[in-house]
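Novice: Input structure: work_27.json, which contains JSON, C-alpha atoms.
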[["chain", "number", "residue", "atom", "x", "y", "z"],
["A", 3, "MET", "CA", 82.61, 119.61, 112.83],
["A", 4, "THR", "CA", 86.02, 118.33, 113.82],
["A", 5, "SER", "CA", 86.50, 116.06, 110.84],
["A", 6, "GLN", "CA", 86.07, 118.86, 108.30],
["A", 7, "THR", "CA", 88.51, 121.11, 110.15],
["A", 8, "ASP", "CA", 91.08, 118.31, 110.18],
["A", 9, "ALA", "CA", 90.55, 117.76, 106.49],
["A", 10, "LEU", "CA", 91.51, 121.30, 105.55],
["A", 11, "GLU", "CA", 94.94, 121.36, 107.11],
["A", 12, "THR", "CA", 97.91, 121.39, 104.77],
["A", 13, "ILE", "CA", 99.78, 118.08, 104.48],
["A", 14, "SER", "CA", 103.52, 117.81, 104.00],
["A", 15, "LEU", "CA", 105.29, 114.84, 102.57],
["A", 16, "ARG", "CA", 108.73, 114.00, 101.36],
["A", 17, "PRO", "CA", 109.75, 112.04, 98.29],
["A", 18, "ILE", "CA", 111.11, 108.57, 99.00],
["A", 19, "GLY", "CA", 112.95, 108.36, 95.68],
["A", 20, "PHE", "CA", 112.73, 109.35, 92.04],
["A", 21, "VAL", "CA", 112.21, 107.98, 88.55],
["A", 22, "GLU", "CA", 115.00, 107.30, 86.09],
["A", 23, "THR", "CA", 114.23, 106.63, 82.45],
["A", 24, "ASP", "CA", 115.90, 107.10, 79.07],
["A", 25, "VAL", "CA", 112.56, 108.00, 77.49],
["A", 26, "ALA", "CA", 112.33, 111.70, 76.66],
["A", 27, "ASP", "CA", 109.46, 113.63, 78.27],
["A", 28, "GLU", "CA", 107.68, 114.20, 74.98],
["A", 29, "ASP", "CA", 107.74, 110.48, 74.16],
["A", 30, "VAL", "CA", 106.21, 109.32, 77.47],
["A", 31, "PRO", "CA", 102.52, 109.57, 76.41],
["A", 32, "ARG", "CA", 102.84, 107.35, 73.32],
["A", 33, "ARG", "CA", 105.26, 104.90, 74.99],
["A", 34, "ARG", "CA", 103.40, 104.59, 78.29],
["A", 35, "ARG", "CA", 102.16, 101.07, 77.62],
["A", 36, "ASP", "CA", 105.58, 99.46, 77.29],
["A", 37, "MET", "CA", 108.23, 101.87, 78.58],
["A", 38, "VAL", "CA", 110.76, 100.60, 81.13],
["A", 39, "SER", "CA", 111.98, 102.81, 83.98],
["A", 40, "GLU", "CA", 113.77, 102.53, 87.28],
["A", 41, "VAL", "CA", 112.27, 103.66, 90.55],
["A", 42, "VAL", "CA", 115.31, 104.58, 92.63],
["A", 43, "LEU", "CA", 114.48, 104.80, 96.32],
["A", 44, "LEU", "CA", 116.68, 106.53, 98.88],
["A", 45, "GLU", "CA", 119.20, 104.07, 100.29],
["A", 46, "HIS", "CA", 117.83, 104.06, 103.83],
["A", 47, "TYR", "CA", 114.64, 102.43, 102.51],
["A", 48, "LEU", "CA", 116.43, 99.21, 101.58],
["A", 49, "ASP", "CA", 114.94, 97.21, 104.48],
["A", 50, "ALA", "CA", 111.50, 98.66, 103.73],
["A", 51, "LEU", "CA", 111.56, 96.69, 100.46],
["A", 52, "ARG", "CA", 112.02, 93.28, 102.04],
["A", 53, "GLY", "CA", 109.64, 90.82, 100.38],
["A", 54, "ILE", "CA", 108.60, 93.08, 97.52],
["A", 55, "ASP", "CA", 110.13, 90.70, 94.96],
["A", 56, "ASP", "CA", 107.32, 88.23, 95.65],
["A", 57, "TYR", "CA", 104.87, 90.55, 93.90],
["A", 58, "SER", "CA", 104.58, 90.77, 90.14],
["A", 59, "HIS", "CA", 103.01, 94.24, 90.10],
["A", 60, "LEU", "CA", 103.20, 97.46, 92.10],
["A", 61, "VAL", "CA", 101.30, 100.70, 92.39],
["A", 62, "ILE", "CA", 103.61, 103.70, 92.10],
["A", 63, "LEU", "CA", 102.47, 107.07, 93.44],
["A", 64, "PHE", "CA", 104.47, 110.00, 92.16],
["A", 65, "TRP", "CA", 104.38, 113.76, 92.29],
["A", 66, "MET", "CA", 103.85, 115.38, 88.87],
["A", 67, "HIS", "CA", 106.21, 118.22, 89.67],
["A", 68, "ARG", "CA", 105.94, 119.73, 86.20],
["A", 69, "ALA", "CA", 102.16, 119.80, 86.10],
["A", 70, "PRO", "CA", 100.86, 123.30, 85.41],
["A", 71, "THR", "CA", 100.27, 125.40, 88.51],
["A", 72, "GLY", "CA", 98.18, 128.52, 88.91],
["A", 73, "LYS", "CA", 94.47, 128.78, 88.41],
["A", 74, "PRO", "CA", 93.02, 125.30, 88.96],
["A", 75, "THR", "CA", 91.26, 123.66, 86.04],
["A", 76, "LEU", "CA", 87.95, 121.96, 86.83],
["A", 77, "VAL", "CA", 87.00, 120.54, 83.43],
["A", 78, "SER", "CA", 88.92, 119.61, 80.29],
["A", 79, "HIS", "CA", 88.75, 117.41, 77.22],
["A", 80, "PRO", "CA", 90.47, 114.08, 77.93],
["A", 81, "ARG", "CA", 93.87, 113.86, 76.21],
["A", 82, "GLY", "CA", 93.29, 117.42, 74.97],
["A", 83, "ASP", "CA", 91.01, 115.98, 72.29],
["A", 84, "PRO", "CA", 88.01, 118.28, 71.58],
["A", 85, "GLY", "CA", 86.20, 115.27, 70.09],
["A", 86, "LEU", "CA", 85.92, 113.79, 73.58],
["A", 87, "PRO", "CA", 83.31, 115.06, 76.05],
["A", 88, "LEU", "CA", 84.20, 117.88, 78.43],
["A", 89, "THR", "CA", 85.03, 116.01, 81.62],
["A", 90, "GLY", "CA", 85.74, 116.96, 85.22],
["A", 91, "VAL", "CA", 89.41, 116.67, 86.11],
["A", 92, "LEU", "CA", 88.61, 114.32, 88.99],
["A", 93, "ALA", "CA", 86.74, 112.11, 86.52],
["A", 94, "SER", "CA", 89.81, 111.76, 84.33],
["A", 95, "ARG", "CA", 93.34, 110.45, 84.69],
["A", 96, "GLY", "CA", 95.00, 113.63, 83.42],
["A", 97, "ARG", "CA", 97.69, 115.75, 85.04],
["A", 98, "ASN", "CA", 95.51, 118.63, 86.19],
["A", 99, "HIS", "CA", 94.14, 117.28, 89.46],
["A", 100, "PRO", "CA", 94.01, 119.64, 92.47],
["A", 101, "ASN", "CA", 96.90, 117.64, 93.96],
["A", 102, "PRO", "CA", 98.98, 116.43, 90.99],
["A", 103, "ILE", "CA", 99.60, 112.89, 92.24],
["A", 104, "GLY", "CA", 100.32, 110.35, 89.53],
["A", 105, "LEU", "CA", 99.26, 106.73, 89.95],
["A", 106, "ALA", "CA", 100.57, 103.92, 87.79],
["A", 107, "VAL", "CA", 100.10, 100.17, 87.98],
["A", 108, "VAL", "CA", 103.43, 98.74, 86.86],
["A", 109, "GLU", "CA", 105.05, 95.37, 86.33],
["A", 110, "LEU", "CA", 108.06, 94.72, 88.59],
["A", 111, "LEU", "CA", 110.78, 93.37, 86.29],
["A", 112, "GLY", "CA", 113.58, 93.15, 88.82],
["A", 113, "ARG", "CA", 115.38, 94.79, 91.71],
["A", 114, "ARG", "CA", 118.93, 95.66, 92.61],
["A", 115, "GLU", "CA", 118.93, 96.93, 96.21],
["A", 116, "THR", "CA", 116.80, 100.10, 96.16],
["A", 117, "ARG", "CA", 116.54, 100.24, 92.35],
["A", 118, "LEU", "CA", 113.27, 98.77, 91.07],
["A", 119, "ARG", "CA", 113.08, 98.08, 87.35],
["A", 120, "VAL", "CA", 109.47, 98.49, 86.21],
["A", 121, "ARG", "CA", 107.43, 98.46, 83.04],
["A", 122, "ARG", "CA", 104.64, 100.94, 82.24],
["A", 123, "LEU", "CA", 105.40, 103.83, 84.56],
["A", 124, "ASP", "CA", 104.25, 106.91, 82.65],
["A", 125, "ALA", "CA", 106.38, 109.42, 84.55],
["A", 126, "TYR", "CA", 109.14, 111.73, 83.36],
["A", 127, "HIS", "CA", 112.78, 111.24, 84.23],
["A", 128, "GLY", "CA", 113.43, 112.90, 87.60],
["A", 129, "THR", "CA", 109.87, 112.64, 88.89],
["A", 130, "PRO", "CA", 109.67, 112.39, 92.70],
["A", 131, "VAL", "CA", 108.15, 109.13, 93.98],
["A", 132, "ILE", "CA", 106.04, 109.51, 97.13],
["A", 133, "ASP", "CA", 104.86, 105.95, 97.82],
["A", 134, "ILE", "CA", 104.89, 102.45, 96.43],
["A", 135, "LYS", "CA", 102.48, 99.66, 97.28],
["A", 136, "PRO", "CA", 102.33, 96.03, 96.28],
["A", 137, "TYR", "CA", 99.39, 95.40, 93.94],
["A", 138, "ASP", "CA", 97.16, 92.67, 95.34],
["A", 139, "HIS", "CA", 93.99, 90.83, 94.44],
["A", 140, "TYR", "CA", 91.83, 93.49, 96.12],
["A", 141, "ASP", "CA", 92.94, 95.90, 93.41],
["A", 142, "VAL", "CA", 91.52, 93.76, 90.60],
["A", 143, "VAL", "CA", 88.04, 94.75, 89.43],
["A", 144, "SER", "CA", 86.44, 92.20, 87.16],
["A", 145, "ASP", "CA", 83.04, 93.86, 86.59],
["A", 146, "LEU", "CA", 84.28, 97.23, 85.43],
["A", 147, "ARG", "CA", 82.16, 99.94, 83.80],
["A", 148, "GLU", "CA", 83.73, 102.88, 81.91],
["A", 149, "PRO", "CA", 82.27, 105.66, 79.74],
["A", 150, "ALA", "CA", 81.21, 104.66, 76.24],
["A", 151, "TRP", "CA", 83.71, 107.06, 74.63],
["A", 152, "LYS", "CA", 86.55, 105.37, 76.48],
["A", 153, "GLN", "CA", 85.61, 101.89, 75.37],
["A", 154, "ALA", "CA", 85.25, 103.11, 71.79],
["A", 155, "ARG", "CA", 88.87, 104.33, 71.87],
["A", 156, "MET", "CA", 90.37, 101.12, 73.23],
["B", 13, "MET", "CA", 122.17, 115.41, 89.57],
["B", 14, "THR", "CA", 119.21, 117.67, 89.13],
["B", 15, "SER", "CA", 116.56, 114.99, 89.34],
["B", 16, "GLN", "CA", 117.68, 113.77, 92.76],
["B", 17, "THR", "CA", 117.76, 117.31, 94.14],
["B", 18, "ASP", "CA", 114.23, 117.91, 92.88],
["B", 19, "ALA", "CA", 113.12, 114.68, 94.46],
["B", 20, "LEU", "CA", 114.18, 115.69, 97.95],
["B", 21, "GLU", "CA", 112.15, 118.86, 98.22],
["B", 22, "THR", "CA", 109.19, 118.81, 100.56],
["B", 23, "ILE", "CA", 105.79, 118.61, 98.88],
["B", 24, "SER", "CA", 102.68, 120.36, 100.17],
["B", 25, "LEU", "CA", 99.17, 119.36, 99.36],
["B", 26, "ARG", "CA", 95.72, 120.19, 100.56],
["B", 27, "PRO", "CA", 92.82, 117.84, 101.19],
["B", 28, "ILE", "CA", 90.02, 118.03, 98.64],
["B", 29, "GLY", "CA", 87.44, 116.54, 101.00],
["B", 30, "PHE", "CA", 87.00, 114.02, 103.76],
["B", 31, "VAL", "CA", 85.43, 110.67, 104.58],
["B", 32, "GLU", "CA", 82.15, 110.22, 106.40],
["B", 33, "THR", "CA", 81.13, 106.85, 107.74],
["B", 34, "ASP", "CA", 79.05, 105.45, 110.59],
["B", 35, "VAL", "CA", 81.54, 102.62, 111.07],
["B", 36, "ALA", "CA", 83.59, 103.05, 114.26],
["B", 37, "ASP", "CA", 87.38, 103.20, 113.83],
["B", 38, "GLU", "CA", 87.94, 99.89, 115.58],
["B", 39, "ASP", "CA", 85.48, 98.12, 113.27],
["B", 40, "VAL", "CA", 87.03, 99.32, 110.01],
["B", 41, "PRO", "CA", 89.57, 96.48, 109.59],
["B", 42, "ARG", "CA", 87.05, 93.65, 109.82],
["B", 43, "ARG", "CA", 84.37, 95.50, 107.81],
["B", 44, "ARG", "CA", 86.66, 96.79, 105.05],
["B", 45, "ARG", "CA", 85.32, 94.43, 102.40],
["B", 46, "ASP", "CA", 81.73, 95.66, 102.51],
["B", 47, "MET", "CA", 81.58, 98.92, 104.44],
["B", 48, "VAL", "CA", 79.80, 101.90, 102.87],
["B", 49, "SER", "CA", 81.11, 105.45, 103.26],
["B", 50, "GLU", "CA", 80.69, 108.87, 101.74],
["B", 51, "VAL", "CA", 83.55, 110.81, 100.22],
["B", 52, "VAL", "CA", 82.49, 114.42, 100.69],
["B", 53, "LEU", "CA", 84.45, 116.78, 98.47],
["B", 54, "LEU", "CA", 84.65, 120.52, 99.01],
["B", 55, "GLU", "CA", 81.81, 122.26, 97.18],
["B", 56, "HIS", "CA", 83.99, 124.10, 94.68],
["B", 57, "TYR", "CA", 84.99, 120.73, 93.18],
["B", 58, "LEU", "CA", 81.47, 120.04, 91.90],
["B", 59, "ASP", "CA", 82.39, 120.70, 88.23],
["B", 60, "ALA", "CA", 85.54, 118.62, 88.63],
["B", 61, "LEU", "CA", 83.27, 115.56, 89.06],
["B", 62, "ARG", "CA", 81.47, 115.92, 85.73],
["B", 63, "GLY", "CA", 81.29, 112.50, 84.07],
["B", 64, "ILE", "CA", 82.42, 110.48, 87.06],
["B", 65, "ASP", "CA", 79.06, 108.70, 87.27],
["B", 66, "ASP", "CA", 79.95, 106.78, 84.10],
["B", 67, "TYR", "CA", 82.55, 104.81, 86.04],
["B", 68, "SER", "CA", 81.66, 101.88, 88.28],
["B", 69, "HIS", "CA", 84.84, 102.06, 90.38],
["B", 70, "LEU", "CA", 87.21, 104.71, 91.70],
["B", 71, "VAL", "CA", 90.61, 104.86, 93.33],
["B", 72, "ILE", "CA", 90.52, 106.95, 96.50],
["B", 73, "LEU", "CA", 93.77, 108.38, 97.87],
["B", 74, "PHE", "CA", 93.56, 109.53, 101.46],
["B", 75, "TRP", "CA", 95.86, 110.77, 104.18],
["B", 76, "MET", "CA", 96.05, 108.44, 107.17],
["B", 77, "HIS", "CA", 96.21, 111.31, 109.61],
["B", 78, "ARG", "CA", 96.15, 109.05, 112.66],
["B", 79, "ALA", "CA", 98.97, 106.80, 111.53],
["B", 80, "PRO", "CA", 101.75, 106.67, 114.13],
["B", 81, "THR", "CA", 104.41, 109.32, 113.71],
["B", 82, "GLY", "CA", 107.91, 109.40, 115.12],
["B", 83, "LYS", "CA", 110.67, 106.95, 114.37],
["B", 84, "PRO", "CA", 109.91, 105.40, 111.00],
["B", 85, "THR", "CA", 109.30, 101.67, 110.87],
["B", 86, "LEU", "CA", 111.04, 99.80, 108.06],
["B", 87, "VAL", "CA", 109.82, 96.24, 108.65],
["B", 88, "SER", "CA", 106.82, 94.71, 110.39],
["B", 89, "HIS", "CA", 104.65, 91.60, 110.46],
["B", 90, "PRO", "CA", 101.68, 92.07, 108.11],
["B", 91, "ARG", "CA", 98.45, 92.68, 110.05],
["B", 92, "GLY", "CA", 100.53, 92.56, 113.25],
["B", 93, "ASP", "CA", 100.53, 88.76, 112.96],
["B", 94, "PRO", "CA", 103.87, 87.24, 114.12],
["B", 95, "GLY", "CA", 102.97, 84.11, 112.14],
["B", 96, "LEU", "CA", 103.47, 86.07, 108.92],
["B", 97, "PRO", "CA", 106.97, 86.80, 107.60],
["B", 98, "LEU", "CA", 108.71, 90.02, 108.62],
["B", 99, "THR", "CA", 108.06, 92.29, 105.65],
["B", 100, "GLY", "CA", 109.27, 95.69, 104.53],
["B", 101, "VAL", "CA", 106.65, 98.40, 104.98],
["B", 102, "LEU", "CA", 106.84, 99.34, 101.29],
["B", 103, "ALA", "CA", 106.14, 95.68, 100.46],
["B", 104, "SER", "CA", 102.94, 95.71, 102.48],
["B", 105, "ARG", "CA", 99.67, 97.62, 102.46],
["B", 106, "GLY", "CA", 99.84, 98.65, 106.10],
["B", 107, "ARG", "CA", 99.61, 102.12, 107.64],
["B", 108, "ASN", "CA", 103.28, 102.63, 108.41],
["B", 109, "HIS", "CA", 104.59, 103.85, 105.07],
["B", 110, "PRO", "CA", 107.05, 106.79, 105.06],
["B", 111, "ASN", "CA", 104.21, 108.93, 103.64],
["B", 112, "PRO", "CA", 100.99, 107.54, 105.14],
["B", 113, "ILE", "CA", 98.90, 107.70, 101.98],
["B", 114, "GLY", "CA", 95.99, 105.28, 101.87],
["B", 115, "LEU", "CA", 94.83, 103.79, 98.57],
["B", 116, "ALA", "CA", 91.50, 102.05, 98.15],
["B", 117, "VAL", "CA", 89.75, 100.71, 95.08],
["B", 118, "VAL", "CA", 86.05, 101.33, 95.75],
["B", 119, "GLU", "CA", 82.73, 100.80, 94.08],
["B", 120, "LEU", "CA", 80.84, 104.02, 93.27],
["B", 121, "LEU", "CA", 77.28, 103.44, 94.47],
["B", 122, "GLY", "CA", 75.89, 106.90, 93.78],
["B", 123, "ARG", "CA", 76.46, 110.62, 93.92],
["B", 124, "ARG", "CA", 74.61, 113.65, 95.22],
["B", 125, "GLU", "CA", 76.52, 116.75, 94.11],
["B", 126, "THR", "CA", 79.94, 116.49, 95.81],
["B", 127, "ARG", "CA", 78.97, 113.54, 98.02],
["B", 128, "LEU", "CA", 80.11, 110.21, 96.59],
["B", 129, "ARG", "CA", 78.66, 107.09, 98.15],
["B", 130, "VAL", "CA", 81.20, 104.28, 97.93],
["B", 131, "ARG", "CA", 81.67, 100.70, 99.07],
["B", 132, "ARG", "CA", 84.92, 99.28, 100.47],
["B", 133, "LEU", "CA", 86.79, 102.40, 101.54],
["B", 134, "ASP", "CA", 88.80, 101.29, 104.57],
["B", 135, "ALA", "CA", 89.30, 104.76, 106.04],
["B", 136, "TYR", "CA", 88.19, 106.21, 109.36],
["B", 137, "HIS", "CA", 85.48, 108.82, 109.69],
["B", 138, "GLY", "CA", 87.07, 112.24, 109.21],
["B", 139, "THR", "CA", 90.00, 111.05, 107.09],
["B", 140, "PRO", "CA", 91.26, 113.72, 104.65],
["B", 141, "VAL", "CA", 90.90, 112.75, 100.97],
["B", 142, "ILE", "CA", 93.74, 113.99, 98.75],
["B", 143, "ASP", "CA", 92.78, 112.69, 95.31],
["B", 144, "ILE", "CA", 90.27, 110.54, 93.49],
["B", 145, "LYS", "CA", 90.72, 108.88, 90.12],
["B", 146, "PRO", "CA", 88.40, 106.86, 87.93],
["B", 147, "TYR", "CA", 89.46, 103.21, 87.84],
["B", 148, "ASP", "CA", 89.99, 102.08, 84.27],
["B", 149, "HIS", "CA", 91.00, 98.97, 82.36],
["B", 150, "TYR", "CA", 94.70, 99.84, 82.67],
["B", 151, "ASP", "CA", 94.38, 99.23, 86.41],
["B", 152, "VAL", "CA", 93.28, 95.62, 85.96],
["B", 153, "VAL", "CA", 96.07, 93.05, 86.23],
["B", 154, "SER", "CA", 95.02, 89.59, 85.11],
["B", 155, "ASP", "CA", 98.32, 87.72, 85.56],
["B", 156, "LEU", "CA", 98.99, 88.67, 89.16],
["B", 157, "ARG", "CA", 101.60, 87.08, 91.42],
["B", 158, "GLU", "CA", 101.52, 87.52, 95.22],
["B", 159, "PRO", "CA", 103.51, 85.96, 98.08],
["B", 160, "ALA", "CA", 102.58, 82.39, 99.00],
["B", 161, "TRP", "CA", 101.58, 83.42, 102.55],
["B", 162, "LYS", "CA", 99.09, 85.90, 101.17],
["B", 163, "GLN", "CA", 97.41, 83.41, 98.88],
["B", 164, "ALA", "CA", 97.21, 80.90, 101.74],
["B", 165, "ARG", "CA", 95.24, 83.44, 103.80],
["B", 166, "MET", "CA", 92.70, 84.30, 101.11]]
Output the file's structure as structure tokens, nothing else.

Specialist:
Amino acid sequence: MTSQTDALETISLRPIGFVETDVADEDVPRRRRDMVSEVVLLEHYLDALRGIDDYSHLVILFWMHRAPTGKPTLVSHPRGDPGLPLTGVLASRGRNHPNPIGLAVVELLGRRETRLRVRRLDAYHGTPVIDIKPYDHYDVVSDLREPAWKQARM
Amino acid sequence: MTSQTDALETISLRPIGFVETDVADEDVPRRRRDMVSEVVLLEHYLDALRGIDDYSHLVILFWMHRAPTGKPTLVSHPRGDPGLPLTGVLASRGRNHPNPIGLAVVELLGRRETRLRVRRLDAYHGTPVIDIKPYDHYDVVSDLREPAWKQARM
């Protein structure tokens, strides 16, 4: 079947920028809810940002370049906590996905040319950014269901 | 600066599955709000899905393999409509991003092994899937701001 053959080809992409933050790597997990960073895009993407200031929130896709490589993990305890149920990596938001793409919904605080100041981007300093998208009303889910263990930890 | 050098290296990734749908390519745009598709992951990712059924919604990342290549576009009219303001590609949800990664928030209708039945995935039949993530309460933005033209078209 053609579609399956297509699907198995390797994909190449190039970073469009990178993350700058003063927060040390080891502090990112506990500060993820309020940390402020800059997404610094390559200068030739300046025109590609026209109109982005009219959005309050963005989705940032980044490449978790320091995620462990080697034998792929299929299941793990969320947050490394053995008290939480063993969960498939694709059913969790951890770093050990087959393709280590990070996704963060962030607040856009301001922009200076290709530097976007954002709140709540849980990425290390130096992380390559591969795409950004304006967050729109289609991204809002109002009737959300999550696992019971997740709600209990909120 | 080390971080910028890191950021410019090419990234390789492999599809983890592909999209199956009966909807013809040309009908996807107008049916995107209610169309039903299957995300068919490679069989060795079965364990990686453990627990995903406890979520009502997922984020699907896919590779828009038929997006136009060649000279990169930096600005365009959203939806190809000249009545809408000329907008940077990174400030729109179109197909002409530097890395043509698609992002869709979908409803998980059911699962049979590595086949996930989902609603509202605006991807063509045969599209490579590169990651899936459970949608959680951190992805919900309640105080959203969008451009005036976008609200007027809702």

Novice: May I have the residues of chain A within 7 Å of chain B, counting all atoms listed in the file, written as a PyMOL selection string?

Specialist: chain A and resi 5-6+9-17+19-20+49-54+56-59+76-77+89-95+101+107+128-130+132-136+138+141-143+146-149

Novice: Can I get the selection written as a PDB file, in the frame of the given file, with C-alpha atoms?

Specialist:
ATOM      1  CA  SER A   5      86.500 116.060 110.840  1.00  0.00           C
ATOM      2  CA  GLN A   6      86.070 118.860 108.300  1.00  0.00           C
ATOM      3  CA  ALA A   9      90.550 117.760 106.490  1.00  0.00           C
ATOM      4  CA  LEU A  10      91.510 121.300 105.550  1.00  0.00           C
ATOM      5  CA  GLU A  11      94.940 121.360 107.110  1.00  0.00           C
ATOM      6  CA  THR A  12      97.910 121.390 104.770  1.00  0.00           C
ATOM      7  CA  ILE A  13      99.780 118.080 104.480  1.00  0.00           C
ATOM      8  CA  SER A  14     103.520 117.810 104.000  1.00  0.00           C
ATOM      9  CA  LEU A  15     105.290 114.840 102.570  1.00  0.00           C
ATOM     10  CA  ARG A  16     108.730 114.000 101.360  1.00  0.00           C
ATOM     11  CA  PRO A  17     109.750 112.040  98.290  1.00  0.00           C
ATOM     12  CA  GLY A  19     112.950 108.360  95.680  1.00  0.00           C
ATOM     13  CA  PHE A  20     112.730 109.350  92.040  1.00  0.00           C
ATOM     14  CA  ASP A  49     114.940  97.210 104.480  1.00  0.00           C
ATOM     15  CA  ALA A  50     111.500  98.660 103.730  1.00  0.00           C
ATOM     16  CA  LEU A  51     111.560  96.690 100.460  1.00  0.00           C
ATOM     17  CA  ARG A  52     112.020  93.280 102.040  1.00  0.00           C
ATOM     18  CA  GLY A  53     109.640  90.820 100.380  1.00  0.00           C
ATOM     19  CA  ILE A  54     108.600  93.080  97.520  1.00  0.00           C
ATOM     20  CA  ASP A  56     107.320  88.230  95.650  1.00  0.00           C
ATOM     21  CA  TYR A  57     104.870  90.550  93.900  1.00  0.00           C
ATOM     22  CA  SER A  58     104.580  90.770  90.140  1.00  0.00           C
ATOM     23  CA  HIS A  59     103.010  94.240  90.100  1.00  0.00           C
ATOM     24  CA  LEU A  76      87.950 121.960  86.830  1.00  0.00           C
ATOM     25  CA  VAL A  77      87.000 120.540  83.430  1.00  0.00           C
ATOM     26  CA  THR A  89      85.030 116.010  81.620  1.00  0.00           C
ATOM     27  CA  GLY A  90      85.740 116.960  85.220  1.00  0.00           C
ATOM     28  CA  VAL A  91      89.410 116.670  86.110  1.00  0.00           C
ATOM     29  CA  LEU A  92      88.610 114.320  88.990  1.00  0.00           C
ATOM     30  CA  ALA A  93      86.740 112.110  86.520  1.00  0.00           C
ATOM     31  CA  SER A  94      89.810 111.760  84.330  1.00  0.00           C
ATOM     32  CA  ARG A  95      93.340 110.450  84.690  1.00  0.00           C
ATOM     33  CA  ASN A 101      96.900 117.640  93.960  1.00  0.00           C
ATOM     34  CA  VAL A 107     100.100 100.170  87.980  1.00  0.00           C
ATOM     35  CA  GLY A 128     113.430 112.900  87.600  1.00  0.00           C
ATOM     36  CA  THR A 129     109.870 112.640  88.890  1.00  0.00           C
ATOM     37  CA  PRO A 130     109.670 112.390  92.700  1.00  0.00           C
ATOM     38  CA  ILE A 132     106.040 109.510  97.130  1.00  0.00           C
ATOM     39  CA  ASP A 133     104.860 105.950  97.820  1.00  0.00           C
ATOM     40  CA  ILE A 134     104.890 102.450  96.430  1.00  0.00           C
ATOM     41  CA  LYS A 135     102.480  99.660  97.280  1.00  0.00           C
ATOM     42  CA  PRO A 136     102.330  96.030  96.280  1.00  0.00           C
ATOM     43  CA  ASP A 138      97.160  92.670  95.340  1.00  0.00           C
ATOM     44  CA  ASP A 141      92.940  95.900  93.410  1.00  0.00           C
ATOM     45  CA  VAL A 142      91.520  93.760  90.600  1.00  0.00           C
ATOM     46  CA  VAL A 143      88.040  94.750  89.430  1.00  0.00           C
ATOM     47  CA  LEU A 146      84.280  97.230  85.430  1.00  0.00           C
ATOM     48  CA  ARG A 147      82.160  99.940  83.800  1.00  0.00           C
ATOM     49  CA  GLU A 148      83.730 102.880  81.910  1.00  0.00           C
ATOM     50  CA  PRO A 149      82.270 105.660  79.740  1.00  0.00           C
TER      51      PRO A 149
END

Novice: Mind giving me the straight-line distance from CA of Met76 in chain B to CA of Glu45 in chain A in Å, one decimal?

Specialist: 24.5 Å

Novice: Take CA of Arg34 in chain A and CA of Leu123 in chain A and report the distance between them in Å, one decimal.

Specialist: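 Going from CA of Arg34 in chain A over to CA of Leu123 in chain A, I get 6.6 Å.
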
Novice: Interatomic distance between CA of Ala79 in chain B and CA of Ala36 in chain B?

Specialist: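 Computed distance, CA of Ala79 in chain B to CA of Ala36 in chain B, equals 16.1 Å.
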